[in-house]
Structure formats: C-alpha cells, structure tokens
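Quick notes on the structure that follows.
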Number of protein chains: 4
Amino acid sequence: MSFNTFGHVFRFTTWGESHGPALGAVVDGCPPGLEVSEEWIQPFLDARKPGQSKFTTQRREADAVKILSGVFEGRSTGTPISLLIENTDQRSKDYSEVAKAYRPGHADYAYDAKYGFRDYRGGGRSSARETAARVAAGAIARLAIPEVTITGYVSEIGGDAIDPARFDRAEIGRNPFFCPDAEAAQRWETLVDGARKDGSSLGAVVECIATGVPAGWGAPLYAKLDAELAGAMMGINAAKGVEIGEGFGSARLRGEENADEMRPGLGGDPEFLANHAGGIAGGISTGQPLVVRVAFKPTSSILIPRQTVTRDGEATDLVTKGRHDPCVGIRGVPVVEAMMALVLADQKLLHRAQIG
Amino acid sequence: MSFNTFGHVFRFTTWGESHGPALGAVVDGCPPGLEVSEEWIQPFLDARKPGQSKFTTQRREADAVKILSGVFEGRSTGTPISLLIENTDQRSKDYSEVAKAYRPGHADYAYDAKYGFRDYRGGGRSSARETAARVAAGAIARLAIPEVTITGYVSEIGGDAIDPARFDRAEIGRNPFFCPDAEAAQRWETLVDGARKDGSSLGAVVECIATGVPAGWGAPLYAKLDAELAGAMMGINAAKGVEIGEGFGSARLRGEENADEMRPGLGGDPEFLANHAGGIAGGISTGQPLVVRVAFKPTSSILIPRQTVTRDGEATDLVTKGRHDPCVGIRGVPVVEAMMALVLADQKLLHRAQIG
Amino acid sequence: MSFNTFGHVFRFTTWGESHGPALGAVVDGCPPGLEVSEEWIQPFLDARKPGQSKFTTQRREADAVKILSGVFEGRSTGTPISLLIENTDQRSKDYSEVAKAYRPGHADYAYDAKYGFRDYRGGGRSSARETAARVAAGAIARLAIPEVTITGYVSEIGGDAIDPARFDRAEIGRNPFFCPDAEAAQRWETLVDGARKDGSSLGAVVECIATGVPAGWGAPLYAKLDAELAGAMMGINAAKGVEIGEGFGSARLRGEENADEMRPGLGGDPEFLANHAGGIAGGISTGQPLVVRVAFKPTSSILIPRQTVTRDGEATDLVTKGRHDPCVGIRGVPVVEAMMALVLADQKLLHRAQIG
Amino acid sequence: MSFNTFGHVFRFTTWGESHGPALGAVVDGCPPGLEVSEEWIQPFLDARKPGQSKFTTQRREADAVKILSGVFEGRSTGTPISLLIENTDQRSKDYSEVAKAYRPGHADYAYDAKYGFRDYRGGGRSSARETAARVAAGAIARLAIPEVTITGYVSEIGGDAIDPARFDRAEIGRNPFFCPDAEAAQRWETLVDGARKDGSSLGAVVECIATGVPAGWGAPLYAKLDAELAGAMMGINAAKGVEIGEGFGSARLRGEENADEMRPGLGGDPEFLANHAGGIAGGISTGQPLVVRVAFKPTSSILIPRQTVTRDGEATDLVTKGRHDPCVGIRGVPVVEAMMALVLADQKLLHRAQIG
C-alpha cells in the first residue's frame, strides 16, 4: 500500500528501484540546527556499499549522496531534507527470463499477484539496493540522538555463531563480515566463500546494541519501543525474525531467572543486575542497553537451478544469474543500525512531545 | 506516546487499566453491514477469560462485552463501534508495597522514569487485562475477513515443545493450554503446576496460522505484511520475539533449501513445494498459509523474593503477591489470534484501496 | 472512512450516536500530571448543553461525563483517558417517515449512498449530539495549554452582525447567544424566536480568539497551523466556511494594507501594528492573537415542508418533526472553542517534539 | 512539524526550497497501471509556470519534471513515484537585507521564532515555488479519478468579481487570469497592471468545481470531505479562507432556502433542485458538483516601504525587491485544482477500502 513513509514525528520516505536512474529519501521532522552534510552521511553509505570484498555482490555503485533541500549554511532548517543517490552500475542485461518466470524465494509472484505487473529489472522496488536510502536517512537520525551509541554486527552466519567471550568491538571494522570475533571471522571466510563457489547462499543473524538511551523512551502497548523496533527491523528486505533482549530464549527461562533484578546504583538511578529484557520493559526503555537481533534469510538469488512457473503457468527451472550477495545479512548491519537510529530519533521526539 | 490506536484503515483504539471501572476499545473504519453482536464477540472473550483452570490466574472476571455504538439493527453502520468491558473482580488490596518499590521484570521503573508517576494498582495500563479489549476488537475484525481461518496454539512451554507429527487441531480446544499435541498437554500439566507451586513462572511460544489469505495483501518494505505482523505481535504484553515462517531457522538454511519452489497448480495459481517463507514474500502474501511465532517471557509476577529498589532508591526484596498466571503465554493465544485478524482486516482494506 | 481520530500527538477519538445508550471520547497522548477531573470537564459540557433557553433544542440531557481510565489520584497518567456521556433523553418516537425518506439538507441520502443503510434515529452519527464528546475532550486539552486563553462567541445570526465597537467579553456569558454585544443579543431574541415560531431556522457565524499562543507553533505548508484549524473547524457539523484573520476580506485588500507591519516591542519581541494575518504567517504562529471564524448553515431540521424523495425513489414532502435548534450555530460556540483547544494542544506538543 | 506528507492512502510528500538545486514530490499509494508520464504532467506545470505574462512574476523557470521511480514501461507500478523539478533561474542576489530584517506579511519572523534560523533566500520553504511539486503530484492524482472533471478559475481580484451570468468555461484558458468572464478579464488587466506599477499587490478568490464525483465519497465528522478540502486548500501558501458551497453565504440563509430539495431523477438517483451544500452533506459527497472557494491574500512582497524590525530588534523600513506576482491568487488556480484532485483521489481510495 501507500506506506513508504516510516516514523511518527521524525519521519522518512524512501523511493526508487534498483535499475531506475536514482533512489532517495525525504527526511521530514528533523530538528533544526543539526550539522547535516554529505560528508557526514557518506561514510555510512560506504560501509553498506557493495563490491568491497568477494563476500558481497560485485555490483559497483559509488553510492554518492546529494542533499537537495532542507540544509542551509551547513545546518538542518527543520524543513524536509531530500537525499538523492544515483544508480551508476546498471548493466544492460537480458531480463527476458526473469520477466517471464517467477524466481523462487523472491517477491516476483507476490508482486504480480498484487499489482498485475512488475518492474522486473533487478527486483525493482524489492531490491536490497533500496536500503541505501535508509542508511542515508539513518545517518541524519544519528545527529538527533547524540547521546546514543549504536553498534551492529553479525553474530551468526549459516548457523556458525560468534563466541560472546571473544567479543571485541574494535574487531568489527577489521573484517569484511562486521564480525566482532576474529576467530569466527576467519571461519566465515571459508564458509561464505564456499557458498559463493557453490552458487548457493547463507543466512545470518545481525545483532544491534544501543547504549546511552535514557530510561523513559517508548510507550505502552501498540507503540511499545519493542513493537516499533520489531516493525522497523522486519521491514528490512530478507528479515524473517526479530528478538528483543533474550527473545525466544526468554520463553525458556523461569520467572526468577528472567526478571532483571535491581539494586541502588551510583547517581541515584537503579542498577540492573542483568539485561534479559534487552533494555525495554512494558514498551519503555529502562536505561539499560537496547539489544535487538534480526534473522536474515539466505539470499534468494542463487545459481542452483530451482523449479518454478512462468507467468503463463508453465513449469520451468530457473537460475538467477547476476551479481549477488552470497550472504545478504552481512550488508544488513549498516541497515539495522540505521533503522535503530531512525526509531530512536523518532521516539526521542515523541517522548519530549508528551512529556516536555 | 499517544498511540493506543492500531491500524491504518481498519483501526482500533483501546483504553483502560486493570483496576479502573472498565476497559474498552473503539473500532473505526469497519465496513458497514457486518453482523456485529455481543453474542458474536463473547466467545472470543471467554476463551481468553482468566480463572478457568488452575493454570491461569484465579482472578474472576465476567468479561461481558457491551456494544455502545456503531451497530444498528444487528449490523455495523460503518461508524465507530465502541466496546465496553467492566472490571468486576477488583479486590481491595494493600498496594503500598508495590507503590513504593519497583517489581523486577515489570514496567514499574520505566513508567516512573517516563511519566513521573504511575497507576500502581495491578500494573495499571501495562496489565495483561488490556488484552481483553484487543480480543473483542479482533472478533469484529474476523467478520471483515470471512475468507480467512485463524488458528493459534501454544507450541512450547518452558522449553518443552510439541511434536509437529502429533499436531491435531481438534485437540487445541480440549486442554487448558491451547495445545495441539495431546501428549505435550499432559506433560505441561505437571510442568506448569510445578512452576505454580514453586511460586515461579514459565515462558511460552505461541504459533498462529492464517489460511485463506489470497496472494497480494501487504506491501513492500516499511509496510511489509511481515513488518505489520511483527509490530502487532511485539506490541502484546510480555512478547519478546517474533518470527515469520522459518524465522531464525531460515538464517541457518542455504539458499536452495530456503527458496520455496513452485510448480503449476490446479486452477492456474502456482503451487508451492514448501513454505519456509511463512506465506509472505517481499512483504506481500503469496497465497500460502501465513505462519507467525511469538515468544512470551515468563510472567514477571512471582512469589520468589527478588532484589529491587524503592522509589526512594533504597534496596529491598520484593515478592509479587496476588493472583497471577504461572504462564502468561497460554492466555496469549486468543490475543495473538486477535492481532492476526486485526492486521489482516486492515491489510485487506488497504489492498482494495490501492488496487480496487 | 475510518478517521474518527483527530490530532497527531495529542489525539482524541469520538464514538456514539444520538440515540444509542451513550457517546464518548478517548483522549490519547495527554501529558501526565494534569489535574483532570469530572468537575473540571462538566462546566464546558454544561455550556453546550441543550434545553437551557427557548433558543436551543428542548431535548434535555444531563450530559454528565464519567472518566473511565487514564486518571489516577486526580492526575492524568499519560495513558488513554476514556470519557463517557450517557444519553438520557431518548424519546421513543416514530421514525418510520425519516427511515423511508431523505431529509433535505441532511446527510441521509449521502449516508445511504455510502454505507448502503443508516441509523436513522435522530441523525445517527451525524447528530450534533456528537459534539458533546469534543467539548469534553477539549476541556482536557485546555489543561495542556494553560498559557492560552480561548474566547468564542457568535458574531452574526441570520445576517445580523454584532458591532465590534460594542464588543464586551463579559457580556458573552450573560445572554443565551454567546453574544458579546448586548444590543445585538436583544435583536437576536426577536430574530431567533421569529424563526422558531415560523418552524424555520437561521445560520450563524462563530468567531474564536486564542491569546497567549507563543510565536513558533505550527509548521509550513500541509500542516500549516491555519490548515489544521481549517480542517478542525470544517469538521464540525453544519460548518460551511472557515476564515483565518481577515479571511475572505484579505482578498479585497492591497498588499500594503494587508502586510502587518512591525516595530520593536517591549521585552524584545516585535510588536505588530495590525493583525490581518490572524496570528499566523507561513503556517506558524506569530505571537499575536489567533483569530478564526466559522460559518454555520441554518439547522436543516425545519417544520416547513420540503420536497424530497423516498428510499424507493418516490417523490414526497417532508417535515422534520422533533426538538431542534432554531440556530445550531449558537451551540457551536463551545464546540469551536474545544476544537481550538484540541488543535493548539496538539501543535504545542508537536512543536516541542521537533524543537525540544 | 514533520508533516510535509499529505493524504491517507493516496499520499504525497513534497520537499525543496525556492533557491536550492531542485524541488520535488514523492507520490505514494498510487494505483498500479496508470499511464503516468512526464508528457502527461508537464502541461499542468506549464499552466502554473511563472513568467508567461506581465501579470505574474518575471522569474523564468522551465519547470521541467523528471520521473525518477515508480513507473515502468509507461505505467505506474504501485510503488513510490519520485518527481524532480530543477530550479534553473536563481539569480545571484544580495539577500543581506532580507537576512537581517523580517519582511512584513511574510513568515520570516515566525520561522525564526520556531526554528531559530531560516533559509532566507527567496522565502526558502515558504516560497510559492513549492506549489510546483503539488501541481505535478496533482497531475498523477487526476489519472486515479478519470470519472472526475475539475475546473478552477479566478472569480474575484481585488474585490472585483466575475458576473456568474457571463460564466464561459472556454474563456478560462484564453486570458492570463484563468477568468471565465471575458469582461472581467479585461477589467482585471487594468486593475492588476495598476497594482503592479504601484509596486503593490492584490488579493483574489479562486473557485474550483469538481463534477463527476459519485455520491458516497468522504466520511462523517473529523474526516468530512469538506474538512479534508478545507485543510488542503488552507495549506496552500497565502490562503486565508475556504468555503464549501454557499459557505459564509449559507450563514445568511433561512433553513428552507438552504436545504437543497430533491425530486426523483432520471436513472433512479435523486435530482437536487439546488446546490447550496456544494455537493457535500454530512461530510459525504451527494453526487452534485463539489464547489470550493479559496481566498488568497495579496502578495506580501511589495515595493512600497513598510515598517519592520531587524533580527536584532531595531526598527527599519523594508522594500521587498525582486520579481514578484502582483496577484499570487492567479497562479493559485492550478494549485487549487491539484489539491482538489489529490483530496479526491485519496477519498476515492479510502471509500473503496471501507466499502469495497
């Protein structure tokens, strides 16, 4: 439907397809006076950018962002900020096969069922390329929440998880997997490269932690901070599961294990003795770190032939040629971080709307 | 914040606390001409009603719904339907301890941090009692989607899962756990009763399947059908995780295992050979059954003393007396079903708004 | 459609028909800690209450408001406030004529065309009785904007306008017309009574001034403070026109007359030399008094027979029996004031969301 | 605040300032399959384009629209349509005076009071140039409502009104005033040229009629079709008043004059004997022509010196140099038409959402 707008008061709207001339976002409701610039946004886009290792798609996009409005003399004016990213690496290609048959695991059939036809070039609107617009918008959101630090990383690929004991934040930027565990990163090289050579793909789990969120953001029930995060994360391409804090693990704990105890802390605020809740109770932040986990399915575009049907209802086998991520979850990290920033900026503004 | 309204065009707003005179919902945007009546709604409330076995809270509420508007001569008029449920079993009780100290695992501290004070009687707005209003609204939503059949059940309690091979839909209504596996139901009697006697509590996983959803409902990206469902389910009290289809399991599959193959089906529509996607691709329904899974944490109100702090910042131990569910996930089943119905009614209307 | 909810962050949802058991409103997003009570709300309802003079409908309603949620120990908790007003004076009456034929000037035909049928008792949802719910919600909104003073009055009935030179705020409460001009009030006695005796009705213009609104509330363009006010006021039953400041009169001024000049004021803020703008420039408040004017058509229910058609398409003449306001604009004053308060509370909260 | 998005299901978001590189709109929720093209949109932009006669601003903009997304093989895909219009005629100019002092009648002071600073180049976001984006979006909306014909025109300039008896639709396109009365158009030449030579400006009234709207669009109360139109029209730059049907005139009619009588019509639908209601009763369309009237204040940018204050609080006199419309209402016609189309497209989709 008509909802390419995300957020309540800090809002953004994205547009654009994989193979059109450009894609972009309009950020609305941004507080005035923030130091928004192309230079600030670009590094976040660069982190998401394809083609930087053999473990991501070989499509090469500059992903250079242009600010078209809402910034004057280096600062946000409070009016809408229009961001534009040109598509530069659109190979002319034969789409006739994809136009005719539905790629298994993709949205092709669902789009046709809904809209009656679809832009079949590179997945059209459902391409992961759209996430560039979110990452750009997320970079602006970060400026609205300077008190918050957001750290995303891959915690599992193809069922092979990191060892939390070896967690090292500095490691995240040192390997092509956003992996905080140097040993896991090494294993993943073999794992992901193997899948790539097989023409197959792997799923992944991305974890994201936000520290510095004060107690009190969010709201009970329908607009629970966890509900907003769940909707935001599940709205990312290829996401199939979301957990807050202990998540599904909490369903296996007993009440006395799960309820995070408190004791008097320094500075007056309570100190929590555990964080099974992932920093949210009753939909409202507790002041503890927010912990979110997102499951990404394996890339659906694979070189292994799969059974499918054509638009005319004929049986066929399909191989999805092209330049694809062997593990789309990897490049999900900057996107999950961006959505975290966008939700938190919105919640911060909503909180001060009601509470002042 | 101000968002006790859920939905885009088929919308509902709930209000009410556990210990006020009543709670309720206003359903807005309901199509006209539906046969809405108190008799239709009541059985859904009865299924959620507490006090029906020793495995749920012993609070006894009639949960009798009254329709105050929007229905004329037995049919919805298209104007807002106001639903009212009186609270009848409010024991006068000494809340001084709960007023002073923050119950671990509860939203007490977060509410105070946000609002500066809180209605501490029985959890106030964050009480699971609010879900009665959702269930009533959900009963109306079902009338708007007669093509859909919704089946919820508990698939796991305290880490003890059902055996899918023993799944029997008829069994769900025969035991106090909404359990489709008769053997698991028997094991759970011992398990839940044990936790109850220990003054402890257990978590649970609720699964919900919707069949009959045609291909084409939903939308790409921010309003993905899965994103809407994730937000809806995570907005339920005590929910900590949501999965669509294979969920976190899909992160452990390879691309060729996960991509649901298709072949020509009877009647022209493709037939899928698997449903790892849980009936949704690219945010749009595929015509396969929708599959959603929700993790509920163990009830936070337990009789085992836990460390906490008072409003004045003093250390104390707290026991949450009262009548509590030893496993709040059980009574989550009618709530998850209701949220499924409410999301689908809204998506059906949105779909026909855009497509006609 | 589904939009009986008004507002962005300070929001309210109304429900209820003229001849159902009750009507009400749910106020959501209210800041916590406000001294909300039935005693505070009731006088605003009493001002709107019918049956207080021969110049309004003789229907007698106690219009006693009950608060069902969201208030604890005399203060708003920040969660939804549910307000209920019972309908007490529902005469059993023969509606067969109204059920069959469309009353000219009423929404009967339009409702049937939209919904396929309608609650024909007393106008159903389109009854002016719904405005009681707005007035109750508006009383709460006033608590959120203590810096603002709102003054509404009737400035014209049946084409007979007040003389601005005789404007006396104290006079407004002394006559049954909310008229600030004692002489006009006297003329209107004859005028309105004449219309009543003729079985006819008169239109009116209501003016509303809000002082104390600081410069800076509102937003450019689509959410212009004037656009919000225009939508709010035009949403009142029987409203057919809205003006801000000079309104249609400004279309007859030259630029140099219309542009409100400024000079340095006491305390640093500019002082305006005129207020043609009605306190709003570019959609944002200027610190000057807000001035809004609303045109109410004459009550459509009249005793003079009018040509119409039946549901079956037959020609007929119809007289709308019953107890009707000879000038519905009079009782529009508390409603216009309420909508002003509701818009301003919402805008105040939105402003601090973005600006902090 | 953050609301540069308009509409509920057929929605658009605009962005851009007068003196930035470009401006644009994102149209979301557009039905798929519509024949959207730059060639279709351009003529509507050309009608709004400045510099076409001496009666509008001499700024020369090509106003060439580019479609960046959401259209594939000449048809809308159902995903967001991004429209871009480059600003080409930005004279380098000395803004130091405008940067320092607040132009009377403009939003300068209000913007500063809200945001703390502003983009002072050509009015920034509050420039009438933003309306180009609405006109482009409106052209797409028209494709979604082929059953509707929209006709806008100027009915009054500087207090000099057209004679309804001389109304000739064909005349509207033949003069530079969108005037349907050839004699009035001739008088206005002198009138507007006189104001221009005086360095002054004039206000205007724009009328807009939509025929072909079926009975049943809209909704009661807060989302009344008239409330939506009032908000939409008052959201246009320089608008200060909105009327539906008889508008303020209806406040001067008696009930029996105002209530539009009906008699059996051809084809089964009732035939109305008058249209004081302007095609809307109870917030829902009646099948009669919709009639809306919008008051535009005189352009605030004039060459006659006016008293004002600087940002530093000093008294000064200001002349707004530059290329300005002597009567901004004239170019308001395509904008009012666009907003009419955008509201009706949204309402059509909302209607079929609820009713099917």
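Chain labels A, B, ... are given in the sequence in which chains occur in the structure tokens; within each chain residues are numbered consecutively from 1, and ligands are likewise numbered from 1 in the order shown.
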Within 8 Å of Gly74 (chain B) using only C-alpha atoms, minus same-chain residues under 4 positions, as a PyMOL selection string: chain B and resi 35-37
Give me the residues within 8 Å of region 129-139 of chain A as a PyMOL selection string, counting only C-alpha atoms and dropping any in the same chain fewer than 6 places off. chain A and resi 12+14-18+23-27+40-42+44-45+48+63+65+83+85+236+334-335+337-339+341-342
Residue subset to file, keeping N, CA and C atoms, as a tab-separated table (two decimals), in the first residue's frame:
```
chain	number	residue	atom	x	y	z
A	12	PHE	N	10.73	9.46	7.58
A	12	PHE	CA	11.39	9.49	6.28
A	12	PHE	C	10.60	8.65	5.30
A	14	THR	N	11.11	6.73	1.52
A	14	THR	CA	12.10	6.36	0.50
A	14	THR	C	11.41	6.05	-0.82
A	15	TRP	N	12.16	6.14	-1.88
A	15	TRP	CA	11.65	5.86	-3.22
A	15	TRP	C	12.81	5.30	-4.05
A	16	GLY	N	12.46	4.65	-5.12
A	16	GLY	CA	13.50	4.24	-6.06
A	16	GLY	C	13.63	2.75	-6.24
A	17	GLU	N	14.01	2.37	-7.44
A	17	GLU	CA	14.22	0.98	-7.79
A	17	GLU	C	15.69	0.75	-8.10
A	18	SER	N	16.01	-0.50	-8.12
A	18	SER	CA	17.36	-0.93	-8.41
A	18	SER	C	17.88	-0.42	-9.75
A	23	LEU	N	17.78	6.64	-6.56
A	23	LEU	CA	16.88	6.36	-5.45
A	23	LEU	C	17.13	7.41	-4.40
A	24	GLY	N	16.26	7.47	-3.40
A	24	GLY	CA	16.45	8.53	-2.42
A	24	GLY	C	15.50	8.44	-1.25
A	25	ALA	N	15.61	9.45	-0.40
A	25	ALA	CA	14.77	9.54	0.78
A	25	ALA	C	14.47	11.00	1.07
A	26	VAL	N	13.31	11.24	1.65
A	26	VAL	CA	12.97	12.56	2.17
A	26	VAL	C	12.83	12.43	3.68
A	27	VAL	N	13.66	13.15	4.41
A	27	VAL	CA	13.62	13.11	5.87
A	27	VAL	C	12.83	14.32	6.35
A	40	TRP	N	29.09	13.94	6.22
A	40	TRP	CA	28.67	13.18	7.40
A	40	TRP	C	27.98	11.86	6.99
A	41	ILE	N	27.17	11.96	5.96
A	41	ILE	CA	26.35	10.80	5.57
A	41	ILE	C	27.18	9.75	4.83
A	42	GLN	N	28.13	10.23	4.00
A	42	GLN	CA	28.80	9.32	3.06
A	42	GLN	C	29.44	8.09	3.71
A	44	PHE	N	28.63	6.28	6.15
A	44	PHE	CA	27.65	5.24	6.47
A	44	PHE	C	27.23	4.50	5.19
A	45	LEU	N	27.10	5.26	4.11
A	45	LEU	CA	26.80	4.61	2.83
A	45	LEU	C	27.96	3.74	2.37
A	48	ARG	N	27.95	0.30	3.73
A	48	ARG	CA	26.94	-0.57	3.15
A	48	ARG	C	27.25	-0.94	1.70
A	63	ASP	N	27.42	5.14	-4.84
A	63	ASP	CA	26.54	5.48	-3.73
A	63	ASP	C	26.87	6.85	-3.14
A	65	VAL	N	25.91	10.43	-2.11
A	65	VAL	CA	24.66	11.07	-1.73
A	65	VAL	C	24.71	12.56	-2.04
A	83	LEU	N	17.30	13.56	-0.08
A	83	LEU	CA	18.58	12.89	-0.35
A	83	LEU	C	18.47	12.11	-1.64
A	85	ILE	N	20.56	9.51	-4.43
A	85	ILE	CA	21.71	8.64	-4.74
A	85	ILE	C	21.50	8.10	-6.15
A	236	ILE	N	12.94	-4.63	6.90
A	236	ILE	CA	14.13	-4.71	6.06
A	236	ILE	C	14.01	-5.93	5.13
A	334	PRO	N	24.77	-2.27	8.45
A	334	PRO	CA	24.52	-0.81	8.45
A	334	PRO	C	23.04	-0.46	8.35
A	335	VAL	N	22.26	-1.37	7.77
A	335	VAL	CA	20.83	-1.10	7.62
A	335	VAL	C	20.13	-1.25	8.97
A	337	GLU	N	21.53	-0.89	11.85
A	337	GLU	CA	21.95	0.27	12.64
A	337	GLU	C	21.14	1.52	12.26
A	338	ALA	N	20.93	1.69	10.96
A	338	ALA	CA	20.17	2.86	10.51
A	338	ALA	C	18.75	2.83	11.04
A	339	MET	N	18.11	1.67	10.97
A	339	MET	CA	16.73	1.57	11.46
A	339	MET	C	16.68	1.80	12.97
A	341	ALA	N	18.67	3.79	14.62
A	341	ALA	CA	18.80	5.24	14.80
A	341	ALA	C	17.50	5.95	14.45
A	342	LEU	N	16.85	5.50	13.40
A	342	LEU	CA	15.63	6.16	12.95
A	342	LEU	C	14.50	5.97	13.96
```
Would you mind writing down, as a PyMOL selection string, each residue of region 113-288 of chain D that DSSP on the backbone assigns to strand (DSSP E)? chain D and resi 149-157+160-161+204-211+239-244+262-264+270-272+280-281+284-285
Neighbour list for region 319-327 of chain D as a count of residues only, cut-off 10 Å, only C-alpha atoms, skip fewer than 2 positions in-chain: 54
As an exercise, work out the distance from CA of Lys348 (chain B) to CA of Glu261 (chain B) in Å and give it to one decimal place. 26.0 Å
Quick one: residues within 6 Å of region 244-249 of chain D, only C-alpha atoms counted, chain neighbours fewer than 2 positions away excluded, as an MDAnalysis selection string? (chainID C and resid 240:241 295) or (chainID D and resid 251:252 276:278 291:292)
Mind dumping a table of every chain D residue within 6 Å of chain A, with the nearest atom pair and its distance in Å to one decimal, using only C-alpha atoms, sorted by chain and rising number, as JSON lines?
```
{"residue": "D:Met1", "atom": "CA", "partner": "A:Gly29", "partner_atom": "CA", "distance": 5.4}
{"residue": "D:Ser2", "atom": "CA", "partner": "A:Gly29", "partner_atom": "CA", "distance": 3.4}
{"residue": "D:Val9", "atom": "CA", "partner": "A:Ser2", "partner_atom": "CA", "distance": 5.5}
{"residue": "D:Trp15", "atom": "CA", "partner": "A:Pro80", "partner_atom": "CA", "distance": 5.4}
{"residue": "D:Gly16", "atom": "CA", "partner": "A:Ser69", "partner_atom": "CA", "distance": 5.0}
{"residue": "D:Asp28", "atom": "CA", "partner": "A:Ser2", "partner_atom": "CA", "distance": 5.0}
{"residue": "D:Gly29", "atom": "CA", "partner": "A:Ser2", "partner_atom": "CA", "distance": 3.4}
{"residue": "D:Pro32", "atom": "CA", "partner": "A:Tyr115", "partner_atom": "CA", "distance": 5.8}
{"residue": "D:Ser69", "atom": "CA", "partner": "A:Gly16", "partner_atom": "CA", "distance": 5.0}
{"residue": "D:Phe72", "atom": "CA", "partner": "A:Asp119", "partner_atom": "CA", "distance": 5.9}
{"residue": "D:Pro80", "atom": "CA", "partner": "A:Trp15", "partner_atom": "CA", "distance": 5.4}
{"residue": "D:Tyr115", "atom": "CA", "partner": "A:Pro32", "partner_atom": "CA", "distance": 5.8}
{"residue": "D:Asp119", "atom": "CA", "partner": "A:Phe72", "partner_atom": "CA", "distance": 5.9}
```
Keeping C-alpha atoms for every residue in the selection just given, could you write it to a file as a PDB file, in the first residue's frame?
```
ATOM      1  CA  MET D   1       6.479  19.856  12.388  1.00  0.00           C
ATOM      2  CA  SER D   2       7.200  16.859  10.353  1.00  0.00           C
ATOM      3  CA  VAL D   9      -3.738   6.256   1.254  1.00  0.00           C
ATOM      4  CA  TRP D  15      10.404  18.901  -0.472  1.00  0.00           C
ATOM      5  CA  GLY D  16      12.525  21.756  -1.707  1.00  0.00           C
ATOM      6  CA  ASP D  28       2.936   7.019  -2.651  1.00  0.00           C
ATOM      7  CA  GLY D  29      -0.013   4.654  -2.797  1.00  0.00           C
ATOM      8  CA  PRO D  32      -0.766   0.436 -10.424  1.00  0.00           C
ATOM      9  CA  SER D  69      10.908   5.994  -9.920  1.00  0.00           C
ATOM     10  CA  PHE D  72       7.833   1.077 -15.685  1.00  0.00           C
ATOM     11  CA  PRO D  80       6.512   5.434  -4.924  1.00  0.00           C
ATOM     12  CA  TYR D 115      13.465  27.163  14.111  1.00  0.00           C
ATOM     13  CA  ASP D 119      16.873  29.870   4.738  1.00  0.00           C
TER      14      ASP D 119
END
```
Mind listing the alpha helix (DSSP H) residues of region 6-144 of chain B, per DSSP on the backbone, as a count of residues only? 38
